[in-house]
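Student: I'd like to ask you about the structure that follows.
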Amino acid sequence: MNLIVIGTQWGDEGKGKIVDLLSEDADYVVRYQGGHNAGHTIVIGDKKIVLHLIPTGLLQPGKTGVIGNGVVINPEALLQEIATLCKENIDVSGRLFISETAHLIMPYHQRIDLESEKTKGKQKIGTTGRGIGPAYADKMARNGIRVCDLYDAERFREKLETNLKEINLILEQVYQVEAFDPEDIFKEYLVYAEKIKPYVLNTSLLLNQAMDDGKQMLFEGAQGTHLDVDHGTYPFVTSSNSGAGGASTGTGVGPTRFDEVLGVTKAYTTRVGSGPFPAELTDQMGETLREKGGEFGATTGRPRRCGWFDALQVRQTVRINHMTSLALTKLDVLDGIPEISICVGYEVDGKVLDEMPTALSHLEKAKPVLRHFPGWTESTYGVTDYEKLPKNAKTYLEAISTLVACRIDIISTSSKRGETIVLRNPFTDK
Ligand code: IMP
């Protein structure tokens with residue numbers, strides 16, 4: 001069984017908890033895109049662990065984690081994360097593997113990310129400032145430096161010197177900031193190269209062999225489909241394919257090998273960074289959702305923008321990824337809200353649209369058409385049995401499932417691993 005788990009909105013849907021839970025039945029957990037811009041929060045007992053780059057499933061003992069070729073790797077951040085896990089007595093040696101063809105985030109990528117944002121003014125994307133965009137830009141421009149290049153010192157030095165000739169000109173003359181000395185980066189990265197060497201492998205080969213052996217595979221998307229560089233609210237997106245399509249190109253596993261796509265969705269909507277958000281609540285209700293849901297970025301600590309559940313948005317995600325089921329998180333955050341709304345249409349220039357428009361200008365002026373649902377006063381916190389949910393909560397869930405045309409497999413009612421309603425486990429229930 002090969003399962004892809006993706007975010008259906010703008011990231012932060014609670015994929016960390018769902019992946020952690022499902023990893024119990026997986027043998028391999030694989031990251032296929034993004035970098036340390038992602039923040040996956042997992043609560044085990046009283047401990048909260050935030051992972052950025054290492055596949056969440058590695059928190060479960062005995063699992064193998066893979067960082068695929070589609071991920072961009074900051075080796076310093078990776079080593080820090082390995083050390084953090086070590087302190088928690090989670091040893092990843094012999095069970096974490098990094099693709100030799102993954103691209104590296106270099107110190108100049110981060111500087112360009114930060115400086116480029118400064119020049120954008122109103123068009124600012126609100127990136128995490130981790131160098132993700134510039135690293136992917138170099139990959140596409142064929143200037144990228146890959147993990148395997150670190151083990152051919154002369155080639156590495158040559159690439160670095162060539163890249164910095166151009167980049168230093170941009171840094172000094174366009175952004176008027178300090179240039180980089182190739183020798184400093186060369187030395188720094190050779191130290192990382194030695195440290196990460198035991199993890200480096202042809203991971204496409206590893207994964208395909210594991211699948212041939214009948215292993216259970218979980219492919220863990222970072223961010224969400226509406227941050228996908230092709231299918232998201234471009235240009236207010238991240239620079240990779242966070243949708244299910246990325247799982248194939250980002251790992252070297254052919255598309256026909258995947259069995260199911262589970263989309264994680266929040267019971268409402270959040271977004272960090274800039275960009276259109278038609279169902280956004282800028283009033284007290286938005287504030288209530290932010291406070292009750294603890295909606296502050298796991299990577300940058302920024303407050304998340306909050307709004308009602310957007311059925312147009314998630315229906316599009318279901319279609320683009322040919323999703324097989326949904327995992328709905330944070331239902332408990334809606335407890336006690338007298339009336340809950342779902343965005344079921346966008347009003348643009350007096351016309352009501354029932355599909356998300358692609359043009360940014362339309363999305364920016366879209367006003368939400370809301371359908372209202374009565375709330376519930378009972379607590380759903382920690383509920384593990386669907387039948388124990390309040391009637392109005394069930395009505396709300398059923399409306400979401402119908403509106404987005406996708407069955408719900410999992411409902412999460414707290415951040416804890418066990419506090420989940422599992423109607424169907426994609427790995428163990430057919
Ligand atoms: P970048 O990925 O740092 O280039 O940022 C591009 C956009 O994606 C910004 O709006 C970020 O806030 C957003 N973003 C990146 N990673 C995440 C994530 O893990 N969760 C939510 N938003 C993210």
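Just remember, in the structure tokens the first chain shown is A, the second B, etc., residues are 1-based per chain, and ligands are 1-based in the order shown.
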For range 6-14 of chain A, list every protein, DNA or RNA residue within 6 Å, evaluated using only C-alpha atoms, and leave out those in the same chain fewer than 6 positions away; present the list as a list in words.
Tutor: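 Once the adjacent positions are removed, what remains is Gly221, Gln223, Gly224, Thr225, His226, Leu227, Gly263, Val264, Thr265, Lys266, Arg271, Val314 and Thr317 of chain A.
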Student: Could you dump the residues just selected with N, CA, C and O atoms as a CSV table (one decimal), in the first residue's frame?
Tutor:
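Written file, part.csv:
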```
chain,number,residue,atom,x,y,z
A,221,GLY,N,3.4,15.0,2.2
A,221,GLY,CA,3.6,16.3,1.6
A,221,GLY,C,3.8,17.3,2.7
A,221,GLY,O,3.3,17.2,3.8
A,223,GLN,N,3.5,21.7,3.4
A,223,GLN,CA,2.6,22.8,2.9
A,223,GLN,C,1.3,22.3,2.5
A,223,GLN,O,0.9,21.2,2.9
A,224,GLY,N,0.6,23.0,1.6
A,224,GLY,CA,-0.7,22.5,1.1
A,224,GLY,C,-0.9,22.7,-0.4
A,224,GLY,O,-0.1,23.5,-1.0
A,225,THR,N,-1.9,22.1,-0.9
A,225,THR,CA,-2.1,22.2,-2.4
A,225,THR,C,-2.3,23.7,-2.9
A,225,THR,O,-1.9,24.0,-4.0
A,226,HIS,N,-2.8,24.5,-2.1
A,226,HIS,CA,-3.0,25.9,-2.5
A,226,HIS,C,-1.7,26.8,-2.3
A,226,HIS,O,-1.7,28.0,-2.6
A,227,LEU,N,-0.6,26.1,-1.9
A,227,LEU,CA,0.7,26.7,-1.9
A,227,LEU,C,1.6,26.0,-3.0
A,227,LEU,O,2.7,26.3,-3.1
A,263,GLY,N,-6.2,13.6,2.0
A,263,GLY,CA,-6.0,15.0,2.2
A,263,GLY,C,-6.3,15.5,3.6
A,263,GLY,O,-7.4,15.2,4.1
A,264,VAL,N,-5.4,16.2,4.2
A,264,VAL,CA,-5.7,16.7,5.6
A,264,VAL,C,-6.3,18.1,5.4
A,264,VAL,O,-5.7,18.9,4.7
A,265,THR,N,-7.4,18.3,6.2
A,265,THR,CA,-8.0,19.6,6.1
A,265,THR,C,-8.4,20.0,7.5
A,265,THR,O,-8.8,19.2,8.3
A,266,LYS,N,-8.3,21.3,7.7
A,266,LYS,CA,-8.7,21.9,9.0
A,266,LYS,C,-10.2,22.1,9.0
A,266,LYS,O,-10.8,22.3,7.9
A,271,ARG,N,-4.1,30.7,6.9
A,271,ARG,CA,-3.1,31.0,5.9
A,271,ARG,C,-2.0,31.8,6.6
A,271,ARG,O,-2.3,32.7,7.4
A,314,VAL,N,-11.3,23.4,-1.1
A,314,VAL,CA,-11.0,22.0,-0.9
A,314,VAL,C,-11.5,21.1,-2.0
A,314,VAL,O,-10.9,20.1,-2.3
A,317,THR,N,-9.0,21.0,-4.5
A,317,THR,CA,-7.9,20.1,-4.1
A,317,THR,C,-8.2,18.6,-4.3
A,317,THR,O,-7.4,17.8,-4.7
```
Student: Let me see if you get this right: every residue at most 9 Å from ligand 1, counting only C-alpha atoms and all ligand atoms, written as a short mmCIF file (atom, residue, chain, number, x, y, z; two decimals) with C-alpha atoms, in the first residue's frame.
Tutor:
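Result file is selection39.cif:
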```cif
data_model
loop_
_atom_site.label_atom_id
_atom_site.label_comp_id
_atom_site.auth_asym_id
_atom_site.auth_seq_id
_atom_site.Cartn_x
_atom_site.Cartn_y
_atom_site.Cartn_z
CA TRP A 10 -2.59 26.60 2.63
CA GLY A 11 -0.59 24.30 4.90
CA ASP A 12 -0.76 23.93 8.68
CA GLU A 13 -3.72 21.56 8.42
CA GLY A 34 9.78 21.60 0.30
CA GLY A 35 12.50 22.10 2.84
CA HIS A 36 12.84 23.39 6.37
CA ASN A 37 10.11 25.96 5.65
CA ALA A 38 7.67 23.26 6.77
CA GLY A 39 6.77 22.87 10.42
CA HIS A 40 5.13 19.65 11.52
CA HIS A 52 10.91 20.80 9.67
CA ASP A 113 15.28 35.20 -0.22
CA ILE A 125 5.09 36.83 -0.58
CA GLY A 126 5.76 36.54 3.13
CA THR A 127 8.22 33.67 2.70
CA THR A 128 9.67 31.84 5.67
CA GLY A 129 13.02 33.39 4.74
CA ARG A 130 14.76 30.01 4.59
CA GLY A 131 16.07 30.27 1.03
CA ILE A 132 13.54 27.83 -0.41
CA GLY A 133 12.53 29.84 -3.50
CA PRO A 134 16.08 30.76 -4.58
CA ALA A 222 4.63 19.54 3.21
CA GLN A 223 2.63 22.81 2.94
CA GLY A 224 -0.73 22.50 1.13
CA LEU A 227 0.70 26.69 -1.93
CA ASP A 228 1.68 24.40 -4.85
CA PRO A 235 2.65 33.85 -6.99
CA PHE A 236 1.67 33.59 -3.31
CA VAL A 237 2.84 30.00 -3.12
CA THR A 238 5.90 28.01 -2.18
CA SER A 239 8.32 26.94 -4.91
CA SER A 240 7.57 23.22 -5.11
CA THR A 270 -5.82 29.37 7.95
CA ARG A 271 -3.06 30.96 5.93
CA VAL A 272 0.36 32.39 6.82
CA GLY A 273 2.04 34.89 4.55
CA SER A 274 0.40 37.06 1.93
CA GLY A 275 -2.07 36.22 -0.82
CA GLY A 297 3.30 29.43 12.68
CA ALA A 298 5.34 26.38 13.76
CA THR A 299 8.35 27.60 11.76
CA THR A 300 8.23 31.38 12.11
CA ARG A 302 3.78 34.37 12.83
CA ARG A 304 -1.98 32.79 11.07
#
```
Student: Which residues come within 9 Å of range 370-387 of chain A, counting only C-alpha atoms, excluding same-chain residues fewer than 2 positions away, as a PyMOL selection string?
Tutor: chain A and resi 279+308+330-346+368+389-396+411-416+418-423
Student: Any chance you could export the current selection's N, CA and C atoms as a compact mmCIF listing (two decimals), in the first residue's frame?
Tutor:
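Output saved as selection27.txt:
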```
# COMPACT_ATOMS: atom_id res chain seq x y z
N ALA A 279 -12.32 33.54 2.20
CA ALA A 279 -13.16 33.25 3.38
C ALA A 279 -12.53 33.77 4.68
N TRP A 308 -13.41 30.93 7.66
CA TRP A 308 -14.31 29.78 7.61
C TRP A 308 -13.78 28.72 6.64
N LYS A 330 -8.86 19.48 14.05
CA LYS A 330 -9.23 20.65 14.88
C LYS A 330 -10.72 20.90 14.96
N LEU A 331 -11.51 19.84 14.90
CA LEU A 331 -12.96 20.00 15.05
C LEU A 331 -13.28 20.65 16.39
N ASP A 332 -12.52 20.28 17.42
CA ASP A 332 -12.79 20.78 18.78
C ASP A 332 -12.67 22.30 18.89
N VAL A 333 -11.90 22.92 17.98
CA VAL A 333 -11.73 24.38 18.03
C VAL A 333 -13.07 25.08 17.79
N LEU A 334 -13.99 24.40 17.10
CA LEU A 334 -15.29 25.02 16.78
C LEU A 334 -16.31 24.85 17.92
N ASP A 335 -15.96 24.06 18.94
CA ASP A 335 -16.88 23.87 20.07
C ASP A 335 -17.31 25.22 20.65
N GLY A 336 -18.60 25.35 20.90
CA GLY A 336 -19.10 26.55 21.60
C GLY A 336 -19.32 27.75 20.70
N ILE A 337 -19.01 27.65 19.42
CA ILE A 337 -19.28 28.78 18.51
C ILE A 337 -20.75 28.66 18.08
N PRO A 338 -21.58 29.68 18.35
CA PRO A 338 -23.02 29.53 18.14
C PRO A 338 -23.41 29.21 16.69
N GLU A 339 -22.75 29.87 15.74
CA GLU A 339 -23.09 29.61 14.34
C GLU A 339 -21.79 29.48 13.54
N ILE A 340 -21.72 28.41 12.76
CA ILE A 340 -20.50 28.14 11.98
C ILE A 340 -20.86 28.28 10.50
N SER A 341 -19.94 28.83 9.71
CA SER A 341 -20.26 29.02 8.29
C SER A 341 -19.27 28.27 7.40
N ILE A 342 -19.74 27.95 6.21
CA ILE A 342 -18.88 27.35 5.18
C ILE A 342 -19.01 28.24 3.94
N CYS A 343 -17.88 28.52 3.32
CA CYS A 343 -17.92 29.31 2.09
C CYS A 343 -18.29 28.36 0.94
N VAL A 344 -19.42 28.66 0.28
CA VAL A 344 -19.91 27.75 -0.78
C VAL A 344 -19.90 28.42 -2.15
N GLY A 345 -19.47 29.66 -2.22
CA GLY A 345 -19.42 30.35 -3.50
C GLY A 345 -18.59 31.62 -3.36
N TYR A 346 -18.15 32.17 -4.49
CA TYR A 346 -17.43 33.45 -4.46
C TYR A 346 -18.24 34.43 -5.29
N PRO A 368 -17.00 36.03 -0.02
CA PRO A 368 -17.51 34.68 0.23
C PRO A 368 -19.04 34.63 0.28
N LEU A 389 -20.15 12.21 18.95
CA LEU A 389 -20.09 13.62 18.52
C LEU A 389 -21.49 14.24 18.61
N PRO A 390 -21.58 15.55 18.94
CA PRO A 390 -22.88 16.21 18.94
C PRO A 390 -23.51 16.14 17.55
N LYS A 391 -24.84 16.14 17.54
CA LYS A 391 -25.57 16.00 16.27
C LYS A 391 -25.16 17.11 15.28
N ASN A 392 -25.05 18.34 15.80
CA ASN A 392 -24.72 19.45 14.90
C ASN A 392 -23.30 19.33 14.33
N ALA A 393 -22.41 18.73 15.10
CA ALA A 393 -21.04 18.52 14.60
C ALA A 393 -21.08 17.50 13.46
N LYS A 394 -21.89 16.47 13.62
CA LYS A 394 -22.01 15.46 12.56
C LYS A 394 -22.61 16.08 11.30
N THR A 395 -23.62 16.94 11.50
CA THR A 395 -24.24 17.60 10.33
C THR A 395 -23.19 18.44 9.59
N TYR A 396 -22.36 19.14 10.37
CA TYR A 396 -21.31 19.99 9.79
C TYR A 396 -20.32 19.14 8.98
N ILE A 411 -11.09 11.91 11.84
CA ILE A 411 -11.45 13.20 12.44
C ILE A 411 -10.58 13.36 13.69
N SER A 412 -9.85 14.47 13.75
CA SER A 412 -8.97 14.68 14.89
C SER A 412 -9.63 15.66 15.86
N THR A 413 -9.63 15.29 17.14
CA THR A 413 -10.34 16.12 18.13
C THR A 413 -9.41 16.70 19.19
N SER A 414 -8.09 16.49 19.02
CA SER A 414 -7.12 17.17 19.89
C SER A 414 -5.74 16.95 19.25
N SER A 415 -4.73 17.60 19.81
CA SER A 415 -3.41 17.44 19.19
C SER A 415 -2.75 16.12 19.59
N LYS A 416 -3.34 15.39 20.51
CA LYS A 416 -2.71 14.15 21.00
C LYS A 416 -2.94 12.99 20.03
N GLY A 418 -3.60 9.82 20.30
CA GLY A 418 -4.71 8.88 20.48
C GLY A 418 -6.09 9.52 20.36
N GLU A 419 -6.16 10.84 20.42
CA GLU A 419 -7.48 11.48 20.47
C GLU A 419 -7.96 11.78 19.05
N THR A 420 -8.42 10.73 18.43
CA THR A 420 -8.75 10.77 17.01
C THR A 420 -9.90 9.79 16.75
N ILE A 421 -10.78 10.17 15.85
CA ILE A 421 -11.82 9.22 15.41
C ILE A 421 -11.32 8.62 14.09
N VAL A 422 -11.06 7.34 14.08
CA VAL A 422 -10.60 6.71 12.83
C VAL A 422 -11.76 5.88 12.28
N LEU A 423 -12.40 6.42 11.26
CA LEU A 423 -13.53 5.70 10.64
C LEU A 423 -12.98 4.61 9.72
```
Student: Apply DSSP to the structure's backbone, then extract all residues of range 260-399 of chain A labelled strand (DSSP E) and return them as a PyMOL selection string.
Tutor: chain A and resi 260-266+269-271+305-307+309-310+325-329+339-348+351-353+367-374
Student: Residues of the last selection are to be written out with N, CA and C atoms, as a short mmCIF file (atom, residue, chain, number, x, y, z; two decimals), in the first residue's frame.
Tutor:
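Saved as out.cif:
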```cif
data_model
loop_
_atom_site.label_atom_id
_atom_site.label_comp_id
_atom_site.auth_asym_id
_atom_site.auth_seq_id
_atom_site.Cartn_x
_atom_site.Cartn_y
_atom_site.Cartn_z
N GLU A 260 -3.45 5.48 -2.86
CA GLU A 260 -4.46 6.39 -2.32
C GLU A 260 -3.85 7.75 -2.01
N VAL A 261 -4.72 8.76 -2.00
CA VAL A 261 -4.30 10.11 -1.60
C VAL A 261 -5.25 10.60 -0.50
N LEU A 262 -4.69 10.77 0.68
CA LEU A 262 -5.47 11.27 1.82
C LEU A 262 -5.15 12.76 1.98
N GLY A 263 -6.17 13.59 2.00
CA GLY A 263 -5.96 15.03 2.15
C GLY A 263 -6.32 15.47 3.56
N VAL A 264 -5.40 16.17 4.20
CA VAL A 264 -5.67 16.67 5.56
C VAL A 264 -6.25 18.07 5.45
N THR A 265 -7.36 18.28 6.16
CA THR A 265 -8.02 19.59 6.09
C THR A 265 -8.40 20.03 7.48
N LYS A 266 -8.27 21.32 7.74
CA LYS A 266 -8.70 21.85 9.02
C LYS A 266 -10.21 22.07 8.97
N THR A 269 -10.26 27.46 8.08
CA THR A 269 -9.13 27.71 7.17
C THR A 269 -8.11 28.65 7.81
N THR A 270 -6.83 28.40 7.54
CA THR A 270 -5.82 29.37 7.95
C THR A 270 -4.81 29.58 6.82
N ARG A 271 -4.11 30.67 6.91
CA ARG A 271 -3.06 30.96 5.93
C ARG A 271 -1.99 31.80 6.62
N ARG A 305 -3.54 33.86 9.58
CA ARG A 305 -4.83 34.47 9.22
C ARG A 305 -5.88 33.35 9.29
N CYS A 306 -7.07 33.65 9.81
CA CYS A 306 -8.07 32.61 10.01
C CYS A 306 -9.37 32.93 9.27
N GLY A 307 -10.09 31.90 8.88
CA GLY A 307 -11.38 32.11 8.19
C GLY A 307 -12.22 30.86 8.24
N PHE A 309 -14.30 27.53 6.76
CA PHE A 309 -13.96 26.45 5.83
C PHE A 309 -14.40 26.86 4.43
N ASP A 310 -13.55 26.65 3.45
CA ASP A 310 -13.83 27.06 2.09
C ASP A 310 -14.04 25.81 1.22
N SER A 325 -9.63 10.20 0.19
CA SER A 325 -10.34 10.50 1.44
C SER A 325 -9.75 11.71 2.14
N LEU A 326 -10.48 12.12 3.19
CA LEU A 326 -10.11 13.32 3.96
C LEU A 326 -9.79 12.95 5.40
N ALA A 327 -8.85 13.67 6.00
CA ALA A 327 -8.67 13.62 7.45
C ALA A 327 -8.97 15.03 7.93
N LEU A 328 -9.98 15.19 8.76
CA LEU A 328 -10.38 16.53 9.20
C LEU A 328 -9.85 16.79 10.61
N THR A 329 -9.15 17.90 10.78
CA THR A 329 -8.51 18.18 12.07
C THR A 329 -9.14 19.39 12.77
N GLU A 339 -22.75 29.87 15.74
CA GLU A 339 -23.09 29.61 14.34
C GLU A 339 -21.79 29.48 13.54
N ILE A 340 -21.72 28.41 12.76
CA ILE A 340 -20.50 28.14 11.98
C ILE A 340 -20.86 28.28 10.50
N SER A 341 -19.94 28.83 9.71
CA SER A 341 -20.26 29.02 8.29
C SER A 341 -19.27 28.27 7.40
N ILE A 342 -19.74 27.95 6.21
CA ILE A 342 -18.88 27.35 5.18
C ILE A 342 -19.01 28.24 3.94
N CYS A 343 -17.88 28.52 3.32
CA CYS A 343 -17.92 29.31 2.09
C CYS A 343 -18.29 28.36 0.94
N VAL A 344 -19.42 28.66 0.28
CA VAL A 344 -19.91 27.75 -0.78
C VAL A 344 -19.90 28.42 -2.15
N GLY A 345 -19.47 29.66 -2.22
CA GLY A 345 -19.42 30.35 -3.50
C GLY A 345 -18.59 31.62 -3.36
N TYR A 346 -18.15 32.17 -4.49
CA TYR A 346 -17.43 33.45 -4.46
C TYR A 346 -18.24 34.43 -5.29
N GLU A 347 -18.46 35.59 -4.75
CA GLU A 347 -19.10 36.62 -5.55
C GLU A 347 -18.02 37.52 -6.14
N VAL A 348 -17.96 37.52 -7.46
CA VAL A 348 -16.96 38.35 -8.15
C VAL A 348 -17.69 39.23 -9.15
N LYS A 351 -21.28 38.45 -9.85
CA LYS A 351 -21.61 37.07 -10.29
C LYS A 351 -21.17 36.09 -9.22
N VAL A 352 -21.97 35.03 -9.03
CA VAL A 352 -21.57 34.02 -8.04
C VAL A 352 -20.89 32.85 -8.76
N LEU A 353 -19.65 32.57 -8.34
CA LEU A 353 -18.89 31.46 -8.94
C LEU A 353 -18.93 30.26 -7.99
N LYS A 367 -15.86 37.79 -2.85
CA LYS A 367 -16.51 37.89 -1.53
C LYS A 367 -17.15 36.53 -1.25
N PRO A 368 -17.00 36.03 -0.02
CA PRO A 368 -17.51 34.68 0.23
C PRO A 368 -19.04 34.63 0.28
N VAL A 369 -19.61 33.61 -0.34
CA VAL A 369 -21.04 33.33 -0.18
C VAL A 369 -21.10 32.23 0.89
N LEU A 370 -21.75 32.54 2.02
CA LEU A 370 -21.67 31.63 3.16
C LEU A 370 -22.96 30.84 3.37
N ARG A 371 -22.80 29.60 3.77
CA ARG A 371 -23.95 28.81 4.24
C ARG A 371 -23.74 28.61 5.74
N HIS A 372 -24.81 28.83 6.51
CA HIS A 372 -24.65 28.82 7.97
C HIS A 372 -25.15 27.51 8.58
N PHE A 373 -24.48 27.11 9.63
CA PHE A 373 -24.83 25.87 10.34
C PHE A 373 -24.90 26.17 11.84
N PRO A 374 -25.88 25.58 12.53
CA PRO A 374 -25.91 25.80 13.99
C PRO A 374 -24.71 25.12 14.65
#
```
Student: Kindly indicate which residue among A:Thr282, A:Phe277, A:Lys139, A:Leu289 lies nearest to Leu312 in chain A, using only C-alpha atoms for the distances.
Tutor: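 Residue with the minimum atom-to-atom distance to Leu312 in chain A: A:Phe277.
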Student: When you count only C-alpha atoms, which of these residues is closest to Ala83 in chain A: A:Arg424, A:Val318, A:Tyr268, A:Leu51?
Tutor: A:Leu51
Student: Considering only C-alpha atoms, can you say which of A:Phe186, A:Glu194, A:Ala102, A:Tyr175 comes closest to Cys148 in chain A?
Tutor: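 Result for the nearest residue to Cys148 in chain A: A:Ala102.
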Student: To one decimal place in Å, what is the distance between CA of Arg95 in chain A and CA of Leu58 in chain A?
Tutor: 8.1 Å
Student: Could you name the residues that touch Gly252 in chain A at 9 Å or less, counting only C-alpha atoms, but leaving out those on the same chain fewer than 3 positions away, as a PyMOL selection string?
Tutor: chain A and resi 68-70+203-205+207-208+247-249
Student: Restricting the calculation to only C-alpha atoms: of A:Tyr199, A:Tyr108, A:Tyr136, A:Tyr192, which residue gets closest to Leu160 in chain A?
Tutor: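 The closest residue to Leu160 in chain A is A:Tyr108.
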Student: Using only C-alpha atoms, which protein or nucleic acid residues come within 10 Å of Glu178 in chain A? Drop anything in the same chain fewer than 3 positions from it, and give the result as a VMD selection string.
Tutor: chain A and resid 111 168 to 169 171 to 173 175 181
Student: Produce a file of the selected residues containing N, CA, C and O atoms, as an mmCIF file, in the first residue's frame.
Tutor:
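Output below, filename result.cif:
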```
data_model
loop_
_atom_site.group_PDB
_atom_site.id
_atom_site.type_symbol
_atom_site.label_atom_id
_atom_site.label_comp_id
_atom_site.auth_asym_id
_atom_site.auth_seq_id
_atom_site.Cartn_x
_atom_site.Cartn_y
_atom_site.Cartn_z
ATOM 1 N N ARG A 111 20.080 34.486 1.845
ATOM 2 C CA ARG A 111 20.269 35.948 1.781
ATOM 3 C C ARG A 111 19.444 36.548 0.637
ATOM 4 O O ARG A 111 18.801 37.573 0.790
ATOM 5 N N ASN A 168 27.250 37.068 -6.369
ATOM 6 C CA ASN A 168 27.902 38.148 -5.623
ATOM 7 C C ASN A 168 27.678 39.502 -6.275
ATOM 8 O O ASN A 168 27.527 40.522 -5.597
ATOM 9 N N LEU A 169 27.627 39.501 -7.619
ATOM 10 C CA LEU A 169 27.341 40.762 -8.325
ATOM 11 C C LEU A 169 25.949 41.272 -7.943
ATOM 12 O O LEU A 169 25.749 42.457 -7.669
ATOM 13 N N LEU A 171 24.221 40.458 -5.235
ATOM 14 C CA LEU A 171 24.176 40.844 -3.811
ATOM 15 C C LEU A 171 24.784 42.231 -3.610
ATOM 16 O O LEU A 171 24.197 43.084 -2.931
ATOM 17 N N GLU A 172 25.934 42.440 -4.226
ATOM 18 C CA GLU A 172 26.632 43.714 -3.979
ATOM 19 C C GLU A 172 25.996 44.871 -4.732
ATOM 20 O O GLU A 172 25.804 45.954 -4.185
ATOM 21 N N GLN A 173 25.667 44.628 -6.017
ATOM 22 C CA GLN A 173 25.252 45.770 -6.844
ATOM 23 C C GLN A 173 23.750 46.010 -6.851
ATOM 24 O O GLN A 173 23.313 47.144 -6.992
ATOM 25 N N TYR A 175 21.366 44.429 -4.412
ATOM 26 C CA TYR A 175 20.853 44.517 -3.029
ATOM 27 C C TYR A 175 21.769 45.321 -2.099
ATOM 28 O O TYR A 175 21.379 45.649 -0.978
ATOM 29 N N ASP A 181 32.340 34.621 0.251
ATOM 30 C CA ASP A 181 33.622 34.075 -0.178
ATOM 31 C C ASP A 181 33.411 32.583 -0.449
ATOM 32 O O ASP A 181 33.051 31.834 0.478
#
```
Student: Using backbone DSSP assignments, extract all alpha helix (DSSP H) residues from range 10-235 of chain A; output them as an NGL selection string.
Tutor: :A and (15-23 or 75-87 or 107-120 or 132-140 or 153-169 or 182-196 or 203-212)
Student: Show me, as an MDAnalysis selection string, the residues that have an atom within 10 Å of Arg319 in chain A when counting only C-alpha atoms, minus same-chain residues fewer than 5 positions from it.
Tutor: chainID A and resid 314 324 404:406
Student: Go through A:Val5, A:His109, A:Ala77, A:Asn89 and flag the residue nearest Met323 in chain A, using only C-alpha atoms for the distances.
Tutor: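 Smallest distance to Met323 in chain A is found for A:Val5.
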